[in-house]
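Student: Coordinates in coords.txt, compact mmCIF, C-alpha atoms, are listed below.
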# COMPACT_ATOMS: atom_id res chain seq x y z
CA MET Y 1 124.44 129.78 98.97
CA THR Y 2 125.85 126.40 99.71
CA ASP Y 3 125.82 122.91 98.39
CA LEU Y 4 128.11 121.51 101.04
CA SER Y 5 127.04 118.35 102.80
CA LEU Y 6 127.10 118.10 106.59
CA ASP Y 7 130.19 115.95 106.29
CA GLU Y 8 131.89 118.57 104.14
CA LYS Y 9 130.94 121.36 106.54
CA LYS Y 10 132.57 119.35 109.32
CA ARG Y 11 135.65 118.38 107.32
CA TYR Y 12 136.40 121.93 106.19
CA ASP Y 13 135.14 123.66 109.32
CA ARG Y 14 138.47 125.22 110.23
CA GLN Y 15 138.90 126.92 106.88
CA ILE Y 16 135.22 127.80 106.44
CA LYS Y 17 135.74 129.81 109.63
CA ILE Y 18 138.19 132.03 107.77
CA PRO Y 19 136.15 135.08 106.76
CA GLU Y 20 137.74 135.32 103.32
CA ILE Y 21 136.75 131.72 102.58
CA GLY Y 22 133.46 130.92 104.32
CA ALA Y 23 130.98 128.40 102.88
CA GLU Y 24 130.90 130.33 99.63
CA GLY Y 25 134.65 130.01 99.15
CA GLN Y 26 134.53 126.36 100.08
CA VAL Y 27 131.95 125.75 97.35
CA LYS Y 28 134.27 127.50 94.89
CA LEU Y 29 137.05 125.13 95.91
CA LYS Y 30 134.72 122.16 95.51
CA ARG Y 31 133.85 123.26 91.98
CA ALA Y 32 137.46 123.95 91.05
CA ARG Y 33 139.76 121.95 88.85
CA VAL Y 34 143.52 122.20 89.31
CA LEU Y 35 146.37 120.58 87.44
CA ILE Y 36 149.55 119.73 89.34
CA ALA Y 37 152.46 119.17 86.99
CA GLY Y 38 154.98 116.97 88.75
CA LEU Y 39 154.61 114.87 91.88
CA GLY Y 40 158.02 115.27 93.47
CA GLY Y 41 159.03 117.43 96.41
CA LEU Y 42 156.73 120.28 95.43
CA GLY Y 43 153.87 118.24 93.99
CA SER Y 44 153.69 115.88 96.98
CA VAL Y 45 152.85 118.82 99.18
CA THR Y 46 150.61 120.78 96.82
CA ALA Y 47 148.57 117.68 96.02
CA ASN Y 48 148.19 116.89 99.72
CA TYR Y 49 147.04 120.36 100.72
CA LEU Y 50 144.76 120.94 97.76
CA ALA Y 51 143.07 117.56 98.15
CA ALA Y 52 142.79 117.99 101.91
CA GLY Y 53 141.42 121.50 101.47
CA GLY Y 54 138.57 120.37 99.30
CA VAL Y 55 139.57 121.22 95.74
CA GLY Y 56 137.00 119.21 93.81
CA ARG Y 57 139.08 117.88 90.96
CA LEU Y 58 142.82 117.42 90.70
CA THR Y 59 144.74 116.31 87.65
CA ILE Y 60 148.13 115.00 88.75
CA VAL Y 61 150.83 114.40 86.18
CA ASP Y 62 154.18 112.66 86.51
CA SER Y 63 156.06 110.18 84.35
CA ASP Y 64 158.38 108.83 87.05
CA CYS Y 65 158.34 106.01 89.54
CA VAL Y 66 159.16 106.43 93.22
CA SER Y 67 162.85 105.95 94.00
CA LEU Y 68 164.79 105.79 97.24
CA ASP Y 69 166.39 109.21 96.74
CA ASN Y 70 162.93 110.82 96.47
CA LEU Y 71 161.96 109.98 100.01
CA ASN Y 72 163.82 112.76 101.84
CA ARG Y 73 161.22 115.25 100.60
CA GLN Y 74 158.43 113.59 98.61
CA ILE Y 75 156.06 113.07 101.48
CA LEU Y 76 153.29 111.35 99.58
CA TYR Y 77 155.37 108.20 99.36
CA GLY Y 78 156.89 105.63 101.66
CA THR Y 79 159.57 103.02 101.38
CA ALA Y 80 157.06 100.38 100.26
CA ASP Y 81 156.17 102.58 97.27
CA ILE Y 82 159.62 102.40 95.68
CA GLY Y 83 159.26 101.33 92.06
CA ARG Y 84 155.59 102.29 91.80
CA ALA Y 85 154.36 104.97 89.40
CA LYS Y 86 154.11 108.25 91.28
CA ALA Y 87 150.86 109.25 89.59
CA GLU Y 88 149.11 106.04 90.60
CA CYS Y 89 150.62 105.96 94.07
CA ALA Y 90 149.69 109.60 94.67
CA ARG Y 91 146.13 108.98 93.46
CA GLU Y 92 145.69 106.23 96.04
CA LYS Y 93 147.06 108.36 98.86
CA LEU Y 94 145.00 111.40 97.92
CA GLU Y 95 141.79 109.42 97.53
CA ALA Y 96 142.38 107.91 100.95
CA LEU Y 97 142.98 111.39 102.34
CA ASN Y 98 139.82 112.85 100.80
CA PRO Y 99 137.50 110.49 98.90
CA ALA Y 100 135.44 113.45 97.71
CA CYS Y 101 138.36 114.79 95.68
CA ARG Y 102 138.21 113.43 92.16
CA ILE Y 103 141.71 112.56 91.03
CA ALA Y 104 142.75 112.17 87.42
CA ALA Y 105 146.18 110.53 87.48
CA VAL Y 106 148.31 110.86 84.35
CA LYS Y 107 151.47 108.79 84.14
CA GLY Y 108 153.34 110.56 81.41
CA GLY Y 109 155.33 113.57 80.41
CA ILE Y 110 154.27 117.03 79.32
CA ASP Y 111 155.37 118.14 75.88
CA ASP Y 112 154.45 120.56 73.16
CA ASP Y 113 152.08 118.04 71.60
CA ASN Y 114 149.97 117.22 74.65
CA VAL Y 115 150.13 120.31 76.84
CA LEU Y 116 147.00 122.02 75.57
CA ASP Y 117 144.92 118.84 75.90
CA LEU Y 118 146.29 118.28 79.41
CA ILE Y 119 145.69 121.76 80.77
CA SER Y 120 142.40 122.54 79.03
CA GLY Y 121 139.49 123.05 81.41
CA HIS Y 122 141.56 123.69 84.53
CA ASP Y 123 141.24 126.78 86.69
CA VAL Y 124 144.87 126.88 87.86
CA LEU Y 125 148.09 125.16 86.83
CA VAL Y 126 150.56 124.41 89.60
CA ASP Y 127 154.17 124.03 88.54
CA ALA Y 128 155.77 121.26 90.53
CA THR Y 129 158.18 120.10 87.85
CA ASP Y 130 161.92 119.72 88.21
CA ASN Y 131 163.18 121.21 84.97
CA ILE Y 132 162.99 124.45 83.02
CA ARG Y 133 162.04 122.83 79.72
CA THR Y 134 158.71 121.49 81.02
CA ARG Y 135 158.08 124.72 82.88
CA LEU Y 136 158.43 126.74 79.69
CA ILE Y 137 156.07 124.33 77.86
CA LEU Y 138 153.49 124.80 80.62
CA ASN Y 139 154.10 128.54 80.53
CA ARG Y 140 153.38 128.71 76.81
CA GLY Y 141 150.23 126.68 77.38
CA ALA Y 142 149.17 129.00 80.18
CA VAL Y 143 149.75 132.10 78.06
CA LYS Y 144 147.84 130.57 75.17
CA THR Y 145 144.84 129.50 77.27
CA GLY Y 146 144.89 132.30 79.85
CA ILE Y 147 144.99 129.85 82.77
CA PRO Y 148 146.87 131.17 85.84
CA PHE Y 149 150.17 129.36 86.39
CA VAL Y 150 151.81 129.20 89.82
CA PHE Y 151 155.57 128.73 89.47
CA GLY Y 152 157.76 127.29 92.20
CA GLY Y 153 161.33 126.02 92.23
CA VAL Y 154 163.76 124.84 94.87
CA GLU Y 155 167.45 124.10 95.18
CA ASN Y 156 169.59 123.32 98.21
CA PHE Y 157 168.15 125.49 101.04
CA ASP Y 158 166.61 128.00 98.64
CA GLY Y 159 163.48 128.50 96.63
CA MET Y 160 161.44 130.91 94.58
CA ALA Y 161 157.86 131.36 93.46
CA THR Y 162 155.71 133.67 91.41
CA THR Y 163 152.16 133.64 90.10
CA ILE Y 164 151.66 134.16 86.41
CA VAL Y 165 148.33 135.63 85.40
CA PRO Y 166 148.44 135.64 81.60
CA GLY Y 167 147.79 139.04 80.10
CA THR Y 168 148.48 140.79 83.40
CA THR Y 169 151.81 139.67 84.78
CA PRO Y 170 155.12 138.72 83.21
CA CYS Y 171 155.25 135.11 82.09
CA LEU Y 172 157.99 132.64 82.93
CA ALA Y 173 159.71 133.27 79.60
CA CYS Y 174 159.84 137.00 80.44
CA LEU Y 175 161.83 136.23 83.57
CA PHE Y 176 163.97 133.36 82.36
CA PRO Y 177 164.46 133.69 78.62
CA HIS Y 178 167.91 132.15 78.41
CA ILE Y 179 168.00 129.46 81.06
CA ARG Y 180 170.04 126.40 80.21
CA GLU Y 181 168.81 123.01 81.28
CA ARG Y 182 171.00 121.70 84.03
CA SER Y 183 172.54 118.31 83.62
CA GLU Y 184 172.82 117.53 87.32
CA LYS Y 185 169.94 117.25 89.74
CA PRO Y 186 170.32 119.84 92.50
CA GLY Y 187 170.37 119.14 96.21
CA ILE Y 188 167.06 119.85 97.96
CA ILE Y 189 166.24 119.90 101.66
CA GLY Y 190 162.70 118.66 102.23
CA PRO Y 191 161.42 121.61 104.24
CA VAL Y 192 162.24 124.15 101.53
CA ALA Y 193 160.19 122.11 99.05
CA GLY Y 194 157.36 122.07 101.58
CA TRP Y 195 157.74 125.79 102.15
CA VAL Y 196 157.59 126.77 98.49
CA ALA Y 197 154.82 124.27 97.77
CA SER Y 198 152.77 125.66 100.64
CA ILE Y 199 153.13 129.15 99.19
CA GLN Y 200 151.99 127.80 95.83
CA CYS Y 201 148.94 126.28 97.54
CA MET Y 202 148.12 129.60 99.18
CA GLU Y 203 148.29 131.33 95.84
CA THR Y 204 146.16 128.63 94.20
CA VAL Y 205 143.46 128.78 96.85
CA LYS Y 206 143.32 132.57 96.64
CA ILE Y 207 142.88 132.46 92.88
CA LEU Y 208 140.17 129.80 93.20
CA ILE Y 209 138.14 131.77 95.74
CA GLY Y 210 138.52 135.02 93.84
CA LEU Y 211 141.20 136.81 95.86
CA LYS Y 212 144.19 138.49 94.28
CA PRO Y 213 147.27 136.28 94.40
CA ALA Y 214 150.02 137.98 96.41
CA LEU Y 215 152.75 136.96 94.00
CA SER Y 216 151.31 138.43 90.84
CA MET Y 217 153.96 140.96 89.72
CA ARG Y 218 156.30 139.69 92.42
CA LEU Y 219 159.01 137.08 92.52
CA LEU Y 220 159.42 135.62 95.98
CA THR Y 221 162.88 134.37 96.84
CA ILE Y 222 163.63 132.34 99.92
CA ARG Y 223 167.06 131.71 101.35
CA GLY Y 224 166.66 128.95 103.87
CA GLY Y 225 170.21 129.30 105.18
CA ASP Y 226 169.64 132.67 106.84
CA LEU Y 227 165.83 132.61 106.50
CA THR Y 228 165.82 135.64 104.24
CA ILE Y 229 162.60 136.15 102.32
CA ARG Y 230 162.52 138.80 99.61
CA GLN Y 231 159.90 139.95 97.16
CA ILE Y 232 161.18 141.38 93.90
CA THR Y 233 158.82 143.65 92.00
CA LEU Y 234 158.29 142.53 88.42
CA GLU Y 235 157.39 144.30 85.23
CA LYS Y 236 156.33 142.73 81.97
CA ASN Y 237 159.15 142.20 79.52
CA PRO Y 238 158.21 143.90 76.25
CA ASP Y 239 160.85 141.81 74.50
CA CYS Y 240 159.35 138.51 75.66
CA ARG Y 241 158.92 136.15 72.74
CA VAL Y 242 156.03 134.35 74.41
CA CYS Y 243 153.81 137.08 75.85
CA GLY Y 244 155.40 140.43 74.93
CA VAL Y 245 155.29 142.80 72.01
CA ALA Y 246 157.86 140.62 70.30
CA ALA Y 247 155.39 137.72 70.49
CA SER Y 248 152.68 139.77 68.84
CA ALA Y 249 155.04 140.71 66.03
CA ASP Y 250 156.49 137.26 65.72
CA GLY Y 251 153.82 135.01 67.14
CA LYS Y 252 154.51 132.05 64.92
CA GLU Y 253 157.97 131.47 66.28
CA SER Y 254 157.30 132.32 69.88
CA ILE Y 255 153.97 131.01 70.97
CA GLU Y 256 153.11 128.12 68.73
CA ILE Y 257 152.98 124.92 70.73
CA MET H 1 188.99 160.56 87.35
CA SER H 2 185.67 158.98 88.30
CA LYS H 3 184.28 159.44 91.76
CA LYS H 4 183.69 156.39 93.93
CA ILE H 5 180.32 155.55 95.39
CA ASN H 6 179.11 153.06 97.98
CA ILE H 7 176.47 150.50 97.11
CA ILE H 8 175.22 147.25 98.63
CA VAL H 9 175.92 144.11 96.60
CA ASN H 10 174.53 140.80 97.81
CA GLY H 11 174.10 142.33 101.27
CA PHE H 12 177.64 143.72 101.57
CA GLU H 13 178.76 147.33 101.25
CA GLU H 14 181.01 147.80 98.24
CA GLU H 15 182.86 150.77 96.76
CA VAL H 16 182.59 151.10 93.00
CA LEU H 17 183.24 153.80 90.44
CA GLU H 18 180.47 156.21 89.61
CA ASN H 19 178.66 155.30 86.38
CA THR H 20 179.22 151.60 86.91
CA SER H 21 176.49 149.67 85.11
CA ILE H 22 174.81 146.44 86.14
CA LYS H 23 176.69 144.80 83.29
CA ASP H 24 179.98 146.11 84.73
CA LEU H 25 179.02 144.83 88.19
CA ILE H 26 178.38 141.33 86.85
CA LEU H 27 181.92 141.30 85.44
CA LEU H 28 183.42 143.00 88.51
CA PHE H 29 181.92 140.49 90.92
CA LYS H 30 182.65 137.57 88.61
CA GLU H 31 179.03 136.48 88.50
CA GLY H 32 179.73 133.83 85.91
CA ASP H 33 176.37 132.05 85.93
CA THR H 34 174.64 133.16 82.73
CA ASP H 35 171.31 132.16 84.28
CA LEU H 36 171.53 134.67 87.10
CA ILE H 37 168.82 137.23 87.66
CA VAL H 38 169.36 140.73 89.00
CA GLU H 39 167.40 142.59 91.65
CA TYR H 40 168.05 146.33 91.70
CA ASN H 41 166.53 148.30 94.58
CA GLY H 42 163.80 145.67 94.93
CA ARG H 43 162.98 145.53 91.25
CA PHE H 44 163.67 142.81 88.71
CA VAL H 45 166.03 143.95 85.95
CA TYR H 46 165.92 142.38 82.52
CA PRO H 47 169.22 141.53 80.76
CA ALA H 48 168.51 144.09 78.03
CA GLN H 49 168.71 146.78 80.73
CA TYR H 50 172.04 145.69 82.26
CA ALA H 51 174.31 147.86 80.11
CA GLY H 52 172.24 151.03 80.38
CA LEU H 53 171.49 150.97 84.09
CA ASN H 54 174.14 152.76 86.17
CA VAL H 55 174.14 152.34 89.92
CA GLN H 56 173.89 155.33 92.25
CA GLU H 57 175.12 155.96 95.80
CA GLY H 58 173.25 153.75 98.26
CA ASP H 59 171.75 151.41 95.66
CA ARG H 60 171.15 147.79 96.54
CA VAL H 61 171.92 145.06 94.01
CA GLU H 62 171.35 141.33 94.46
CA PHE H 63 172.54 138.65 92.09
CA ILE H 64 170.27 135.63 92.38
CA ASN H 65 170.67 132.18 90.94
CA PRO H 66 167.24 130.88 89.99
CA ASN H 67 166.02 127.61 91.48
CA PHE H 68 164.50 125.02 89.19
CA GLY H 69 164.46 121.83 91.23
CA GLY H 70 161.22 120.35 92.44
If you convert what's in this file into C-alpha cells, what do you get?
Tutor:
Amino acid sequence: MTDLSLDEKKRYDRQIKIPEIGAEGQVKLKRARVLIAGLGGLGSVTANYLAAGGVGRLTIVDSDCVSLDNLNRQILYGTADIGRAKAECAREKLEALNPACRIAAVKGGIDDDNVLDLISGHDVLVDATDNIRTRLILNRGAVKTGIPFVFGGVENFDGMATTIVPGTTPCLACLFPHIRERSEKPGIIGPVAGWVASIQCMETVKILIGLKPALSMRLLTIRGGDLTIRQITLEKNPDCRVCGVAASADGKESIEI
Amino acid sequence: MSKKINIIVNGFEEEVLENTSIKDLILLFKEGDTDLIVEYNGRFVYPAQYAGLNVQEGDRVEFINPNFGG
C-alpha cells in the first residue's frame, strides 16, 4: 500500500530503505500530525527533522521573537531573523525545506485555557518548551486526551528525555511534582539541545510508525561533560495528582485544565 | 554501634553507616536542591520513598538535577 508520489519516494528514499519504516511507514508519517511546543533550541531541531522526514502536518507554537542570544543553538534562525516572530520565521524555513509539509504556525503561549484546543487532533506532542509550568500544562493535556508526549530538557552540557504514554507510563507530574520555576535562564550548549531534540524526534517517529518508543518507562539522562548516558527505569507514581490513584480520588483538583 | 558499608554515590565510593536511608544521604551529601531526583540502582525513586529506603552494601545512588531549559 502506498500513496507516495515519485517525488516523495525519491525525497524519502534513504529512510524508506530502513526496514522498520519502508513505504508503509512513510505513508504513516505523511498522514501524521505532530505539535511542537516551543521553537527554541529543542524545537528548532525537532521541527527541522520532522518536516524533513515527511511528517505531513506540523503545528508549531511559540510566543517569542528571535533574539541575538538564541542564535548559539536555535538553528532555524539567522542573524537577519532577529526581531521576527519565531513561529512565522520557522514556518517559512520549514516550508522551504519541505513544501509538502503543512505547517500551522501559532504565535502565542500555551495555557490552561487553550491547551486542549491546541493539542486536539495531534498524534504526538513534542515538548520543546523552556519552562516547567508550560510542560506541566501540556502534560495535563496529554493525560486528559491520551496523546503521547515526548519530554526533553537541557541545561549547560546536560539533558534529559522521556516519553509519556498516558495510561501506560508515568506522567511528567509523577516525576517532577514539586519543581519550582527557575527565575534565571540556564546556560545551554547548542549540541546538547540538538542531541536531546534528535532523541525526541526518534521517539516521535517510532510512535508515528507504530514502534514502541524506547523511552517509555525510562528517563534518559545525558551528561555532555563526560559523555555519560544513563537510562533510569521508571514506575508509575500512585500518589501522582495528575495520573495516579490520587487523581482518580481527587480528580477535580488535579486534572482539571 | 552501626556497621559501615560501602556504596557508590554520584560515581564515587563512599562509606556510610548501615541503615542509612536515601533521605539521610541527601542530608549527608548536602544535596540542597529540592528539585533533585534520585536514581537508586538504576531505578527512579519517588520522594515518598526516601525515608523508608535504606541503602545496602554495593548500592549505587545518583542525585540528578533535572534539566528544564529548551
Student: When you look at stretch 119-133 of chain Y with a cut-off of 6 Å (counting only C-alpha atoms), what residues show up, excluding the ones that are within fewer than 6 positions of it in the same chain? I need them as an mmCIF file with C-alpha atoms, keeping the file's coordinate frame.
Tutor:
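Dumped to around-v4.cif:
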data_model
loop_
_atom_site.group_PDB
_atom_site.id
_atom_site.type_symbol
_atom_site.label_atom_id
_atom_site.label_comp_id
_atom_site.auth_asym_id
_atom_site.auth_seq_id
_atom_site.Cartn_x
_atom_site.Cartn_y
_atom_site.Cartn_z
ATOM 1 C CA ARG Y 33 139.760 121.950 88.850
ATOM 2 C CA VAL Y 34 143.520 122.200 89.310
ATOM 3 C CA LEU Y 35 146.370 120.580 87.440
ATOM 4 C CA ILE Y 36 149.550 119.730 89.340
ATOM 5 C CA ALA Y 37 152.460 119.170 86.990
ATOM 6 C CA GLY Y 38 154.980 116.970 88.750
ATOM 7 C CA LEU Y 42 156.730 120.280 95.430
ATOM 8 C CA GLY Y 43 153.870 118.240 93.990
ATOM 9 C CA ILE Y 147 144.990 129.850 82.770
ATOM 10 C CA PRO Y 148 146.870 131.170 85.840
ATOM 11 C CA PHE Y 149 150.170 129.360 86.390
ATOM 12 C CA VAL Y 150 151.810 129.200 89.820
ATOM 13 C CA PHE Y 151 155.570 128.730 89.470
ATOM 14 C CA PHE H 68 164.500 125.020 89.190
ATOM 15 C CA GLY H 69 164.460 121.830 91.230
ATOM 16 C CA GLY H 70 161.220 120.350 92.440
#
Student: Could you write out as a list in words the residues of chain H within 10 Å of chain Y, counting only C-alpha atoms?
Tutor: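 Taken together, these residues fit the definition: Thr34, Asp35, Leu36, Ile37, Val38, Glu39, Tyr40, Asn41, Gly42, Arg43, Phe44, Val45, Tyr46, Pro47, Ala48, Ile64, Asn65, Pro66, Asn67, Phe68, Gly69 and Gly70 of chain H.
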Student: Which residue gives the smallest distance to Y:Cys201 among Y:Leu4, Y:Ile18, Y:Ile189, Y:Val55, with all atoms listed in the file counted?
Tutor: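 Nearest candidate to Y:Cys201 out of Y:Leu4, Y:Ile18, Y:Ile189, Y:Val55: Y:Val55.
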Student: Atom CA of Y:Leu71 to atom CA of Y:Gly190: how many Å, to one decimal?
Tutor: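 Between atom CA of Y:Leu71 and atom CA of Y:Gly190 the gap works out to 9.0 Å.
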Student: List as an NGL selection string: which residues have an atom within 9 Å of (176.4, 153.2, 89.8), counting only C-alpha atoms?
Tutor: :H and (4-7 or 16-22 or 25 or 53-57 or 59)
Student: Which of these, Y:Ser67, Y:Thr228, Y:Glu95, Y:Pro191, has the shortest distance to Y:Ile82 once you count only C-alpha atoms?
Tutor: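 Using only C-alpha atoms, Y:Ile82 sits closest to Y:Ser67.
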Student: Atom CA of Y:Ala105 and atom CA of Y:Ser63, how far apart in Å?
Tutor: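 Computing the Euclidean distance for atom CA of Y:Ser63 and atom CA of Y:Ala105 yields 10.4 Å.
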Student: If we draw a sphere of 9 Å around (180.0, 141.0, 93.6), which residues have at least one atom in it when counting only C-alpha atoms? Please report them as a list of chain:residue names.
Tutor: H:Val9, H:Asn10, H:Phe12, H:Glu14, H:Leu25, H:Ile26, H:Leu27, H:Leu28, H:Phe29, H:Lys30, H:Glu31, H:Glu62, H:Phe63
Student: Tell me which of Y:Ala51, Y:Leu116, Y:Leu227, Y:Ala80 sits closest to Y:Gly146, counting all atoms listed in the file.
Tutor: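 The answer is Y:Leu116, which sits nearest to Y:Gly146.
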Student: Atom CA of Y:Ile207 and atom CA of Y:Glu24, how far apart in Å?
Tutor: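 Between atom CA of Y:Glu24 and atom CA of Y:Ile207 the gap works out to 13.9 Å.
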Student: Draw an axis-aligned box over all listed atoms of stretch 47-58 of chain H, pad each side with 6 Å, and write its centre and edge lengths in Å, one decimal, as AutoDock Vina command-line options.
Tutor:
--center_x 171.8 --center_y 148.7 --center_z 88.1 --size_x 18.6 --size_y 26.4 --size_z 32.2
Student: Quick one: residues within 10 Å of Y:Ala214, all atoms listed in the file counted, chain neighbours fewer than 6 positions away excluded, as JSON, numbers by chain?
Tutor: {"Y": [162, 163, 199, 202, 203, 206, 207, 220]}
